[in-house]
Amino acid sequence: MDELIKLQGVTKTFKDFWGKPKAVAIKNLSFSVEKGEILGLLGPNGSGKSTTLKLILGLLYPTRGRISVFGKHPGDNVAKQFIGYLPEEDYLYSYLNGRETLDFYGKIFNLPSKTRRERIDFLVDLLGIKAYQRRAVGEYSKGMARRIGLAQALINDPDLLILDEPTSGMDPIGIKEIKDIFLELKSKGKTMLISTHLLSDIENICDRVGILYQGEFIAIDKVDKLLLPYQNESHRLEKFFLDKVYAERKEREKKKIAAISKEKEEKSSTKKSDEVDKELLQDLLHKEQ
Amino acid sequence: MNKRIIAVAHNAFRYYLFTPTSLAIIIMLLLVPFLCSNLLGDGTAEGKFKVFVTYSFIISSIIFTVSNISFSCSSISGEWKKKTLLILDVKPIRRWEIILGKWFGMLAINIVLVACFLLSMTFSSMLVSYNLTKSFPGHKNIFMTEIELFPVQADESSQDKFLMSFLQMRQNNRKEIYPVLAKGEMVWTFKGIRKTLAQRDLPGKSDNLSLSYRFQTAGSEGQNVLGYWLVGNPSLPAPFELETSQPKDTVHRLPIPLEAVSDKGELNVVYLNIEPTNLSVLFPASDFKLLYTQGSYWMNLIKGYFNILILVTFIFSVGLCFSCIVSHLTAVLSTSILIFMSYLHEFIEIMLNSIFREIQAQEMVGIIHRLSYPALKFISFILPPLNEALPHSYIGNFLLMPFSYLAFLFIRIILLGVLPLLVVAIIYLSHRELGIANE
């Protein structure tokens with residue numbers, strides 16, 4: 001199978017103005033997304049999900065490691081032709097209306113005007129934004145803006161969809177509709193990388209799930225395989241996720257405590273040896289005298 | 001042009017045009033020339049015209065400067081902050097295309113703004129012309145402009161060569177003043193007079209070729225000085241003799257017969273300071289020129305608009321460059337300082353000269369003086385002189401704006417100023433991580 005996205009030992013360290021390391025967002029991350037696959041990135045806030053997506057899109061550059069998208073460098077213009085991206089918030093031009101927004105992005109993809117018109121009509125219908133397509137985007141509610149955001153991500157009929165918290169701010173009906181669209185896209189063989197902390201978003205959609213914690217994967221595998229121990233329970237993914245995260249947190253805290261106590265022990269032992277040295281020196285001085 | 005650049009340019013143009021700020025700017029640009037057309041100046045027709053042109057161009061240039069700083073500094077940094085740039089960057093568009101798109105969008109909005117100013121200025125000029133015809137019958141037609149021509153050569157044939165060379169040396173080897181000693185004479189040569197233009201039969205203008213000059217002498221104030229002029233060229237059997245009687249330190253215009261100019265456009269002017277009561281006279285070189293009229297005020301205005309467009313192009317290019325590098329507020333501050341210094345170019349030159357003189361005069365001068373001289377010299381080298389780029393000095397003085405002046409502006413500002421700025425912006429932004437805030 002083709003690997004559309006491939007990350008090999010990727011590390012991302014954010015630096016301050018003087019170039020000193022400030023925070024390590026991603027640590028030695030390796031994974032791949034194959035063609036037609038849907039991978040869900042789960043993780044608590046600040047675990048590095050959005051950073052991973054930005055690295056794949058070429059908005060951030062890795063400190064170490066290699067990334068390839070469609071076999072090319074992230075940010076390559078040819079690869080970008082086949083990518084649709086929905087950011088975690090709707091960064092759209094508030095003075096354009098819904099239709100103009102889609103038309104603008106269609107022009108960026110060099111779509112001919114007829115194709116653009118047809119595509120916009122189709123998306124407006126699909127995402128249920130026909131009624132307010134002529135209103136300025138700045139006046140949209142969060143849910144409406146999310147839909148137009150998804151429409152702009154789909155304007156080029158992309159082969160690879162990168163979605164950052166796609167259902168945030170949407171009502172339950174909206175969430176259901178968006179999930180249906182994802183399932184339809186899945187049936188068409190589209191590849192998706194979805195980052196979210198809303199587990200219900202991806203439970204029935206994803207083929208594989210990866211759980212990120214402090215910039216590292218603590219689990220990545222097929223959904224069925226990961227949820228095998230939780231077969232007879234409701235909210236399986238949620239339970240699995242919480243168990244994993246809590247276990248990891250406990251583990252790391254234990255390690256931290258162990259490291260601190262070890263450090264203390266080392267300090268006290270060096271102190272003792274210093275005292276011994278002093279005694280020895282005093283003895284020697286006495287002898288000389 | 002690339003469709004993506006057009007799309008970004010169109011988007012930027014729409015954004016700038018439909019903001020309340022832009023509408024306010026358009027209204028101001030429409031109103032400024034109209035309001036300035038009501039100014040009286042020093043009470044003369046020329047004064048009123050001069051004040052109208054000068055104030056219209058200066059006030060509008062302030063509006064252009066402020067609005068362009070505001071537009072350009074938010075162009076990239078604003079999108080970066082609002083993160084619309086993030087969505088744009090993941091689409092198949094290169095970063096240089098985004099920058100060029102923004103640049104063309106700003107150029108388009110400035111063309112609209114300059115067109116508004118053109119409309120208002122044209123209408124107001126007609127209004128001023130009509131008012132002048134009514135209030136000052138027989139005034140100088142404001143729709144005529146003059147070409148100024150300076151002598152290419154000046155030779156003294158004084159009896160006292162030693163004294164003459166001493167005077168020349170005192171002038172620091174620059175011909176700032178043409179000295180004519182008592183009982184002495186001076187010959188000036190003008191070349192390149194476009195006789196066809198000078199010969200044009202312009203209504204209401206009999207003195208369409210004249211020598212404009214001013215002189216200084218030790219004589220008492222208000223007393224007339226008698227002078228004799230010979231004008232002609234070697235192909236003539238005899239030069240034309242003209243006599244003048246004028247007080248010192250006022251600008252005079254001596255009408256020159258067109259026949260005195262040779263077919264090649266050459267003219268020799270001789271001043272004979274032979275009146276026995278005359279003392280030595282000094283002609284300041286900056287005021288010694290040949291003038292001939294040409295009916296092209298409108299051409300001057302069109303050149304003036306083009307001039308303003310070049311000027312604003314530099315301003316928004318500086319803003320765009322800074323907005324690619326730093327945050328909005330820092331970009332506004334940096335651009336404002338740079339543009340302000342460009343307008344004060346003359347001031348920098350004066351400072352440079354004074355520091356240079358001090359360094360030359362004293363052996364031990366402060367380290368600040370020694371360091372500030374090269375720093376200022378560099379700033380003066382890289383900054384286009386925006387104060388000189390304002391077209392009012394030509395239009396307001398009835399002078400024809402020469403194409404060489406526009407060409408100089410174009411090269412100095414667009415090729416040496418704008419292009420390097422765009423290259424810096426493109427190179428810098430192409431290597432930046434847009435996923436990090438630009439603060």
# chains A, B, ... in the order shown; residues from 1 in each chain; ligands from 1
call {"tool": "interface_residues", "arguments": {"of": "chain B", "to": "chain A", "cutoff": "9 Å", "atoms": "only C-alpha atoms", "output": "compact mmCIF listing (two decimals) with C-alpha atoms, in the first residue's frame"}}
result
# COMPACT_ATOMS: atom_id res chain seq x y z
CA LYS B 3 -4.03 33.49 -11.58
CA ARG B 4 -3.19 32.91 -7.93
CA ILE B 5 -1.44 36.28 -7.69
CA ALA B 7 -6.79 36.14 -6.78
CA VAL B 8 -4.74 37.35 -3.79
CA ASN B 11 -8.89 39.84 -2.36
CA ARG B 14 -11.51 44.31 -1.95
CA TYR B 15 -10.46 44.32 1.68
CA PHE B 18 -14.50 48.42 1.39
CA LYS B 82 -5.58 36.26 12.28
CA LYS B 83 -4.11 32.99 10.95
CA THR B 84 -5.82 33.35 7.56
CA LEU B 85 -2.27 33.08 6.21
CA LEU B 86 -2.13 29.51 7.59
CA ILE B 87 -5.03 28.35 5.43
CA LEU B 88 -3.62 30.19 2.42
CA ASP B 89 -0.15 28.69 2.89
CA VAL B 90 -1.38 25.09 2.84
CA LYS B 91 -3.03 25.72 -0.53
CA PRO B 92 -0.87 25.33 -3.67
CA ILE B 93 0.40 28.90 -3.63
CA ARG B 94 3.98 29.92 -3.12
CA ARG B 432 9.78 31.42 8.17
CA GLU B 433 7.65 28.93 10.07
CA LEU B 434 4.16 30.33 9.70
CA GLY B 435 2.85 28.03 12.41
CA ILE B 436 4.55 30.23 15.04
call {"tool": "residues_around", "arguments": {"residues": "Gly65 (chain A)", "least_positions_apart": "3", "cutoff": "7 Å", "atoms": "only C-alpha atoms", "output": "list of chain:residue names"}}
result
A:Gln8, A:Gly9, A:Val10, A:Thr11, A:Pro62
call {"tool": "residues_around", "arguments": {"residues": "Val251 (chain B)", "least_positions_apart": "3", "cutoff": "12 Å", "atoms": "only C-alpha atoms", "output": "PyMOL selection string"}}
result
chain B and resi 211-216+246-248+254+283-284+286-289
call {"tool": "residues_around", "arguments": {"residues": "region 40-54 of chain B", "least_positions_apart": "5", "cutoff": "8 Å", "atoms": "only C-alpha atoms", "output": "ChimeraX atom specification"}}
result
/B:33,128,132,136,139-140,142,392-393,395-397
call {"tool": "write_last_selection", "arguments": {"atoms": "C-alpha atoms", "output": "compact mmCIF listing (two decimals), in the first residue's frame"}}
result
# COMPACT_ATOMS: atom_id res chain seq x y z
CA PRO B 33 -7.79 70.16 -3.45
CA VAL B 128 -8.88 78.13 -9.62
CA LEU B 132 -8.19 83.88 -11.36
CA PHE B 136 -7.02 89.04 -11.97
CA HIS B 139 -2.99 87.13 -15.19
CA LYS B 140 -0.48 84.52 -16.14
CA ILE B 142 -1.92 78.71 -15.05
CA HIS B 392 4.49 70.48 -6.06
CA SER B 393 7.84 72.28 -6.42
CA ILE B 395 3.99 72.36 -10.75
CA GLY B 396 3.69 75.27 -8.30
CA ASN B 397 6.56 77.12 -9.94
call {"tool": "select_by_dssp", "arguments": {"residues": "region 132-361 of chain B", "states": "helix (DSSP H, G or I)", "output": "tab-separated table (two decimals) with N, CA, C and O atoms, in the first residue's frame"}}
result
chain	number	residue	atom	x	y	z
B	132	LEU	N	-9.30	82.96	-11.06
B	132	LEU	CA	-8.19	83.88	-11.36
B	132	LEU	C	-8.55	84.78	-12.55
B	132	LEU	O	-8.23	85.96	-12.57
B	133	THR	N	-9.20	84.20	-13.56
B	133	THR	CA	-9.60	84.98	-14.74
B	133	THR	C	-10.53	86.11	-14.30
B	133	THR	O	-10.48	87.22	-14.83
B	134	LYS	N	-11.39	85.77	-13.33
B	134	LYS	CA	-12.36	86.78	-12.87
B	134	LYS	C	-11.68	87.84	-12.00
B	134	LYS	O	-11.90	89.04	-12.17
B	135	SER	N	-10.84	87.40	-11.06
B	135	SER	CA	-10.26	88.36	-10.11
B	135	SER	C	-9.01	89.06	-10.62
B	135	SER	O	-8.70	90.16	-10.20
B	161	LYS	N	42.39	89.24	-14.23
B	161	LYS	CA	42.29	87.77	-14.16
B	161	LYS	C	42.64	87.23	-12.78
B	161	LYS	O	42.03	86.27	-12.29
B	162	PHE	N	43.62	87.88	-12.12
B	162	PHE	CA	44.06	87.40	-10.80
B	162	PHE	C	42.93	87.50	-9.78
B	162	PHE	O	42.63	86.54	-9.06
B	163	LEU	N	42.28	88.64	-9.78
B	163	LEU	CA	41.18	88.87	-8.84
B	163	LEU	C	40.03	87.89	-9.12
B	163	LEU	O	39.41	87.36	-8.20
B	164	MET	N	39.83	87.63	-10.39
B	164	MET	CA	38.76	86.73	-10.80
B	164	MET	C	39.02	85.30	-10.30
B	164	MET	O	38.14	84.64	-9.77
B	165	SER	N	40.28	84.86	-10.49
B	165	SER	CA	40.61	83.49	-10.08
B	165	SER	C	40.54	83.36	-8.55
B	165	SER	O	40.15	82.32	-8.03
B	166	PHE	N	40.88	84.45	-7.87
B	166	PHE	CA	40.78	84.45	-6.41
B	166	PHE	C	39.31	84.28	-5.98
B	166	PHE	O	38.99	83.48	-5.10
B	167	LEU	N	38.44	85.00	-6.65
B	167	LEU	CA	37.00	84.91	-6.36
B	167	LEU	C	36.47	83.50	-6.64
B	167	LEU	O	35.71	82.94	-5.86
B	168	GLN	N	36.95	82.93	-7.74
B	168	GLN	CA	36.51	81.58	-8.11
B	168	GLN	C	36.94	80.58	-7.04
B	168	GLN	O	36.18	79.69	-6.68
B	169	MET	N	38.17	80.75	-6.54
B	169	MET	CA	38.70	79.84	-5.54
B	169	MET	C	37.90	79.93	-4.24
B	169	MET	O	37.62	78.93	-3.59
B	170	ARG	N	37.52	81.16	-3.92
B	170	ARG	CA	36.74	81.39	-2.70
B	170	ARG	C	35.41	80.64	-2.75
B	170	ARG	O	34.83	80.32	-1.72
B	195	LYS	N	13.70	75.24	-29.92
B	195	LYS	CA	13.16	76.46	-30.52
B	195	LYS	C	11.70	76.27	-30.95
B	195	LYS	O	10.88	77.18	-30.84
B	196	THR	N	11.42	75.07	-31.40
B	196	THR	CA	10.05	74.83	-31.88
B	196	THR	C	9.04	75.06	-30.76
B	196	THR	O	7.96	75.58	-30.98
B	197	LEU	N	9.44	74.68	-29.55
B	197	LEU	CA	8.54	74.86	-28.41
B	197	LEU	C	8.45	76.34	-28.06
B	197	LEU	O	7.38	76.87	-27.79
B	198	ALA	N	9.61	76.99	-28.08
B	198	ALA	CA	9.64	78.40	-27.70
B	198	ALA	C	8.89	79.27	-28.71
B	198	ALA	O	8.35	80.30	-28.36
B	258	LEU	N	13.58	85.56	-30.18
B	258	LEU	CA	13.77	84.16	-30.61
B	258	LEU	C	14.85	84.04	-31.69
B	258	LEU	O	15.49	83.00	-31.81
B	259	GLU	N	15.04	85.14	-32.43
B	259	GLU	CA	16.02	85.11	-33.53
B	259	GLU	C	17.45	84.96	-32.99
B	259	GLU	O	18.36	84.54	-33.73
B	260	ALA	N	17.63	85.30	-31.73
B	260	ALA	CA	18.97	85.21	-31.14
B	260	ALA	C	19.42	83.75	-30.97
B	260	ALA	O	20.62	83.48	-30.84
B	285	ALA	N	23.99	81.43	-9.17
B	285	ALA	CA	23.81	80.49	-10.29
B	285	ALA	C	22.45	79.82	-10.28
B	285	ALA	O	21.88	79.51	-11.33
B	286	SER	N	21.90	79.57	-9.07
B	286	SER	CA	20.61	78.87	-9.01
B	286	SER	C	19.48	79.70	-9.60
B	286	SER	O	18.45	79.16	-9.98
B	287	ASP	N	19.66	81.02	-9.64
B	287	ASP	CA	18.60	81.87	-10.18
B	287	ASP	C	18.90	82.35	-11.59
B	287	ASP	O	18.16	83.16	-12.14
B	297	TYR	N	0.31	72.35	-18.44
B	297	TYR	CA	0.01	72.19	-17.02
B	297	TYR	C	-0.58	70.80	-16.78
B	297	TYR	O	-0.28	70.13	-15.81
B	298	TRP	N	-1.43	70.37	-17.74
B	298	TRP	CA	-2.09	69.07	-17.57
B	298	TRP	C	-1.09	67.94	-17.65
B	298	TRP	O	-1.19	66.97	-16.90
B	299	MET	N	-0.14	68.10	-18.57
B	299	MET	CA	0.91	67.08	-18.66
B	299	MET	C	1.69	67.04	-17.34
B	299	MET	O	2.01	65.98	-16.83
B	300	ASN	N	1.93	68.25	-16.81
B	300	ASN	CA	2.61	68.33	-15.52
B	300	ASN	C	1.81	67.62	-14.43
B	300	ASN	O	2.38	66.90	-13.60
B	301	LEU	N	0.50	67.83	-14.43
B	301	LEU	CA	-0.34	67.18	-13.42
B	301	LEU	C	-0.28	65.66	-13.56
B	301	LEU	O	-0.14	64.95	-12.56
B	302	ILE	N	-0.37	65.17	-14.78
B	302	ILE	CA	-0.35	63.72	-15.00
B	302	ILE	C	1.00	63.16	-14.52
B	302	ILE	O	1.05	62.14	-13.84
B	303	LYS	N	2.07	63.89	-14.83
B	303	LYS	CA	3.39	63.46	-14.35
B	303	LYS	C	3.43	63.49	-12.82
B	303	LYS	O	4.02	62.64	-12.18
B	304	GLY	N	2.77	64.51	-12.27
B	304	GLY	CA	2.70	64.64	-10.81
B	304	GLY	C	1.98	63.46	-10.17
B	304	GLY	O	2.42	62.94	-9.15
B	305	TYR	N	0.90	63.00	-10.81
B	305	TYR	CA	0.16	61.85	-10.27
B	305	TYR	C	1.02	60.60	-10.33
B	305	TYR	O	1.03	59.79	-9.40
B	306	PHE	N	1.75	60.47	-11.45
B	306	PHE	CA	2.63	59.32	-11.61
B	306	PHE	C	3.72	59.36	-10.53
B	306	PHE	O	4.06	58.33	-9.93
B	307	ASN	N	4.18	60.58	-10.30
B	307	ASN	CA	5.18	60.83	-9.28
B	307	ASN	C	4.69	60.37	-7.90
B	307	ASN	O	5.39	59.67	-7.16
B	308	ILE	N	3.46	60.76	-7.57
B	308	ILE	CA	2.85	60.38	-6.29
B	308	ILE	C	2.71	58.87	-6.21
B	308	ILE	O	2.94	58.26	-5.16
B	309	LEU	N	2.38	58.25	-7.33
B	309	LEU	CA	2.21	56.79	-7.36
B	309	LEU	C	3.55	56.10	-7.07
B	309	LEU	O	3.60	55.11	-6.33
B	310	ILE	N	4.63	56.64	-7.63
B	310	ILE	CA	5.97	56.08	-7.36
B	310	ILE	C	6.27	56.21	-5.87
B	310	ILE	O	6.75	55.29	-5.22
B	311	LEU	N	5.93	57.38	-5.34
B	311	LEU	CA	6.20	57.69	-3.93
B	311	LEU	C	5.44	56.72	-3.00
B	311	LEU	O	6.02	56.13	-2.10
B	312	VAL	N	4.14	56.52	-3.28
B	312	VAL	CA	3.36	55.63	-2.41
B	312	VAL	C	3.78	54.17	-2.59
B	312	VAL	O	3.70	53.39	-1.65
B	313	THR	N	4.25	53.84	-3.79
B	313	THR	CA	4.72	52.47	-4.03
B	313	THR	C	5.88	52.15	-3.10
B	313	THR	O	5.95	51.07	-2.52
B	314	PHE	N	6.76	53.14	-2.93
B	314	PHE	CA	7.88	52.93	-2.01
B	314	PHE	C	7.36	52.77	-0.58
B	314	PHE	O	7.79	51.88	0.14
B	315	ILE	N	6.41	53.63	-0.21
B	315	ILE	CA	5.92	53.58	1.17
B	315	ILE	C	5.28	52.23	1.47
B	315	ILE	O	5.60	51.58	2.46
B	316	PHE	N	4.38	51.76	0.57
B	316	PHE	CA	3.72	50.49	0.90
B	316	PHE	C	4.66	49.29	0.75
B	316	PHE	O	4.45	48.26	1.39
B	317	SER	N	5.70	49.45	-0.07
B	317	SER	CA	6.66	48.34	-0.17
B	317	SER	C	7.47	48.20	1.11
B	317	SER	O	7.76	47.09	1.55
B	318	VAL	N	7.81	49.35	1.71
B	318	VAL	CA	8.53	49.31	3.00
B	318	VAL	C	7.63	48.63	4.04
B	318	VAL	O	8.06	47.73	4.77
B	319	GLY	N	6.37	49.06	4.07
B	319	GLY	CA	5.41	48.49	5.04
B	319	GLY	C	5.23	46.99	4.83
B	319	GLY	O	5.22	46.22	5.79
B	320	LEU	N	5.10	46.60	3.57
B	320	LEU	CA	4.91	45.17	3.24
B	320	LEU	C	6.12	44.35	3.68
B	320	LEU	O	5.99	43.28	4.27
B	321	CYS	N	7.30	44.91	3.43
B	321	CYS	CA	8.53	44.22	3.79
B	321	CYS	C	8.60	44.02	5.31
B	321	CYS	O	8.86	42.91	5.79
B	322	PHE	N	8.31	45.09	6.05
B	322	PHE	CA	8.35	44.97	7.52
B	322	PHE	C	7.26	44.02	8.02
B	322	PHE	O	7.48	43.30	8.99
B	323	SER	N	6.10	44.05	7.38
B	323	SER	CA	5.00	43.21	7.86
B	323	SER	C	5.29	41.72	7.63
B	323	SER	O	4.66	40.87	8.25
B	324	CYS	N	6.22	41.40	6.72
B	324	CYS	CA	6.63	40.00	6.53
B	324	CYS	C	7.59	39.56	7.64
B	324	CYS	O	7.78	38.38	7.86
B	325	ILE	N	8.23	40.54	8.27
B	325	ILE	CA	9.30	40.21	9.20
B	325	ILE	C	8.86	40.32	10.65
B	325	ILE	O	9.15	39.46	11.47
B	328	HIS	N	2.57	43.55	13.59
B	328	HIS	CA	1.92	44.73	13.02
B	328	HIS	C	2.42	46.03	13.64
B	328	HIS	O	2.83	46.96	12.94
B	329	LEU	N	2.43	46.07	14.96
B	329	LEU	CA	2.81	47.31	15.65
B	329	LEU	C	4.26	47.70	15.36
B	329	LEU	O	4.57	48.86	15.07
B	330	THR	N	5.13	46.69	15.42
B	330	THR	CA	6.55	46.96	15.14
B	330	THR	C	6.73	47.42	13.70
B	330	THR	O	7.54	48.30	13.42
B	331	ALA	N	5.95	46.79	12.80
B	331	ALA	CA	6.03	47.18	11.38
B	331	ALA	C	5.60	48.64	11.20
B	331	ALA	O	6.25	49.39	10.47
B	332	VAL	N	4.54	49.03	11.88
B	332	VAL	CA	4.05	50.41	11.78
B	332	VAL	C	5.12	51.38	12.27
B	332	VAL	O	5.44	52.37	11.60
B	333	LEU	N	5.72	51.04	13.42
B	333	LEU	CA	6.75	51.92	13.99
B	333	LEU	C	7.96	52.02	13.07
B	333	LEU	O	8.43	53.12	12.77
B	334	SER	N	8.44	50.87	12.61
B	334	SER	CA	9.65	50.86	11.78
B	334	SER	C	9.40	51.60	10.47
B	334	SER	O	10.23	52.41	10.03
B	335	THR	N	8.25	51.32	9.84
B	335	THR	CA	7.96	51.98	8.55
B	335	THR	C	7.83	53.48	8.75
B	335	THR	O	8.36	54.26	7.95
B	336	SER	N	7.13	53.88	9.82
B	336	SER	CA	6.93	55.32	10.06
B	336	SER	C	8.28	56.02	10.22
B	336	SER	O	8.49	57.09	9.64
B	337	ILE	N	9.19	55.40	10.98
B	337	ILE	CA	10.50	56.03	11.21
B	337	ILE	C	11.25	56.17	9.88
B	337	ILE	O	11.77	57.23	9.56
B	338	LEU	N	11.24	55.09	9.10
B	338	LEU	CA	11.97	55.10	7.83
B	338	LEU	C	11.40	56.14	6.86
B	338	LEU	O	12.14	56.90	6.23
B	339	ILE	N	10.09	56.20	6.78
B	339	ILE	CA	9.44	57.15	5.86
B	339	ILE	C	9.66	58.58	6.34
B	339	ILE	O	9.93	59.49	5.56
B	340	PHE	N	9.57	58.76	7.66
B	340	PHE	CA	9.78	60.09	8.24
B	340	PHE	C	11.20	60.57	7.90
B	340	PHE	O	11.42	61.72	7.52
B	341	MET	N	12.16	59.64	8.02
B	341	MET	CA	13.55	60.01	7.72
B	341	MET	C	13.72	60.28	6.23
B	341	MET	O	14.52	61.12	5.84
B	342	SER	N	12.95	59.58	5.40
B	342	SER	CA	13.02	59.83	3.96
B	342	SER	C	12.52	61.22	3.62
B	342	SER	O	13.06	61.89	2.75
B	343	TYR	N	11.48	61.63	4.32
B	343	TYR	CA	10.96	62.97	4.10
B	343	TYR	C	11.95	64.04	4.60
B	343	TYR	O	11.97	65.15	4.11
B	345	HIS	N	15.11	63.93	4.34
B	345	HIS	CA	16.37	63.62	3.67
B	345	HIS	C	17.29	64.83	3.64
B	345	HIS	O	18.50	64.73	3.88
B	346	GLU	N	16.68	65.98	3.37
B	346	GLU	CA	17.45	67.22	3.29
B	346	GLU	C	18.14	67.51	4.63
B	346	GLU	O	19.29	67.91	4.68
B	347	PHE	N	17.37	67.25	5.71
B	347	PHE	CA	17.87	67.48	7.06
B	347	PHE	C	19.08	66.58	7.34
B	347	PHE	O	20.09	67.01	7.92
B	348	ILE	N	18.98	65.32	6.88
B	348	ILE	CA	20.08	64.38	7.08
B	348	ILE	C	21.33	64.88	6.33
B	348	ILE	O	22.44	64.85	6.85
B	349	GLU	N	21.09	65.39	5.13
B	349	GLU	CA	22.21	65.92	4.32
B	349	GLU	C	22.89	67.09	5.05
B	349	GLU	O	24.12	67.18	5.09
B	350	ILE	N	22.07	67.96	5.65
B	350	ILE	CA	22.62	69.12	6.39
B	350	ILE	C	23.46	68.63	7.57
B	350	ILE	O	24.57	69.09	7.81
B	351	MET	N	22.89	67.64	8.30
B	351	MET	CA	23.62	67.08	9.44
B	351	MET	C	24.94	66.46	9.00
B	351	MET	O	25.98	66.63	9.64
B	352	LEU	N	24.87	65.75	7.87
B	352	LEU	CA	26.08	65.11	7.33
B	352	LEU	C	27.17	66.13	7.06
B	352	LEU	O	28.33	65.95	7.45
B	353	ASN	N	26.75	67.22	6.41
B	353	ASN	CA	27.72	68.26	6.07
B	353	ASN	C	28.35	68.87	7.32
B	353	ASN	O	29.55	69.07	7.38
B	354	SER	N	27.49	69.13	8.33
B	354	SER	CA	28.02	69.77	9.54
B	354	SER	C	28.97	68.84	10.28
B	354	SER	O	30.02	69.25	10.77
B	355	ILE	N	28.61	67.54	10.34
B	355	ILE	CA	29.49	66.58	11.02
B	355	ILE	C	30.81	66.45	10.26
B	355	ILE	O	31.89	66.46	10.85
B	356	PHE	N	30.70	66.42	8.93
B	356	PHE	CA	31.90	66.28	8.11
B	356	PHE	C	32.84	67.47	8.32
B	356	PHE	O	34.05	67.30	8.46
B	357	ARG	N	32.23	68.67	8.37
B	357	ARG	CA	33.06	69.88	8.57
B	357	ARG	C	33.74	69.83	9.93
B	357	ARG	O	34.89	70.19	10.07
B	358	GLU	N	32.98	69.37	10.94
B	358	GLU	CA	33.54	69.32	12.29
B	358	GLU	C	34.71	68.34	12.36
B	358	GLU	O	35.74	68.61	12.95
B	359	ILE	N	34.49	67.18	11.68
B	359	ILE	CA	35.54	66.16	11.67
B	359	ILE	C	36.80	66.72	10.98
B	359	ILE	O	37.92	66.49	11.42
B	360	GLN	N	36.57	67.48	9.92
B	360	GLN	CA	37.71	68.05	9.19
B	360	GLN	C	38.40	69.15	9.98
B	360	GLN	O	39.61	69.30	9.94
B	361	ALA	N	37.57	69.93	10.69
B	361	ALA	CA	38.10	71.11	11.38
B	361	ALA	C	38.92	70.73	12.61
B	361	ALA	O	39.93	71.34	12.91
call {"tool": "atom_distance", "arguments": {"atom1": "CA of Thr145 (chain B)", "atom2": "CA of Leu344 (chain B)"}}
result
27.9 Å
call {"tool": "closest_residue", "arguments": {"among": "A:Ile129, A:Leu150, A:Ile155, A:Leu163", "to": "Ile56 (chain A)", "atoms": "only C-alpha atoms"}}
result
A:Leu163
call {"tool": "atom_distance", "arguments": {"atom1": "CA of Thr277 (chain B)", "atom2": "CA of Phe150 (chain B)"}}
result
29.2 Å
call {"tool": "residues_around", "arguments": {"residues": "region 32-41 of chain A", "least_positions_apart": "4", "cutoff": "10 Å", "atoms": "only C-alpha atoms", "output": "NGL selection string"}}
result
:A and (1-8 or 48-50 or 52-53 or 67-70 or 159-165 or 182 or 185-197 or 199 or 201-203 or 205-212 or 217 or 220-223)
call {"tool": "atom_distance", "arguments": {"atom1": "CA of Val137 (chain A)", "atom2": "CA of Leu107 (chain B)"}}
result
26.1 Å
call {"tool": "residues_around", "arguments": {"residues": "Val245 (chain A)", "least_positions_apart": "5", "cutoff": "10 Å", "atoms": "only C-alpha atoms", "output": "PyMOL selection string"}}
result
chain A and resi 43-44+211-213+218-219+239-240+250-251
call {"tool": "write_last_selection", "arguments": {"atoms": "N, CA and C atoms", "output": "mmCIF file, in the first residue's frame"}}
result
data_model
loop_
_atom_site.group_PDB
_atom_site.id
_atom_site.type_symbol
_atom_site.label_atom_id
_atom_site.label_comp_id
_atom_site.auth_asym_id
_atom_site.auth_seq_id
_atom_site.Cartn_x
_atom_site.Cartn_y
_atom_site.Cartn_z
ATOM 1 N N GLY A 43 -5.407 12.815 22.120
ATOM 2 C CA GLY A 43 -4.469 13.277 23.140
ATOM 3 C C GLY A 43 -5.038 14.445 23.903
ATOM 4 N N PRO A 44 -4.601 14.602 25.153
ATOM 5 C CA PRO A 44 -5.088 15.753 25.923
ATOM 6 C C PRO A 44 -4.547 17.057 25.345
ATOM 7 N N ILE A 211 -2.485 7.544 20.247
ATOM 8 C CA ILE A 211 -2.679 8.417 21.413
ATOM 9 C C ILE A 211 -1.362 9.119 21.726
ATOM 10 N N LEU A 212 -1.427 10.443 21.651
ATOM 11 C CA LEU A 212 -0.234 11.254 21.910
ATOM 12 C C LEU A 212 -0.269 11.751 23.347
ATOM 13 N N TYR A 213 0.864 11.659 24.002
ATOM 14 C CA TYR A 213 0.957 12.205 25.359
ATOM 15 C C TYR A 213 2.327 12.864 25.501
ATOM 16 N N ILE A 218 1.746 6.960 23.026
ATOM 17 C CA ILE A 218 1.729 5.946 24.085
ATOM 18 C C ILE A 218 0.974 4.711 23.580
ATOM 19 N N ALA A 219 0.269 4.883 22.465
ATOM 20 C CA ALA A 219 -0.367 3.740 21.797
ATOM 21 C C ALA A 219 -0.695 4.132 20.378
ATOM 22 N N LYS A 239 -12.973 5.048 27.489
ATOM 23 C CA LYS A 239 -12.389 4.306 28.626
ATOM 24 C C LYS A 239 -10.938 3.945 28.339
ATOM 25 N N PHE A 240 -10.723 3.440 27.134
ATOM 26 C CA PHE A 240 -9.364 3.046 26.752
ATOM 27 C C PHE A 240 -8.409 4.241 26.843
ATOM 28 N N LYS A 250 0.795 8.241 35.642
ATOM 29 C CA LYS A 250 1.279 7.631 36.882
ATOM 30 C C LYS A 250 2.725 7.168 36.716
ATOM 31 N N GLU A 251 2.950 6.511 35.588
ATOM 32 C CA GLU A 251 4.271 5.971 35.281
ATOM 33 C C GLU A 251 5.326 7.085 35.287
#
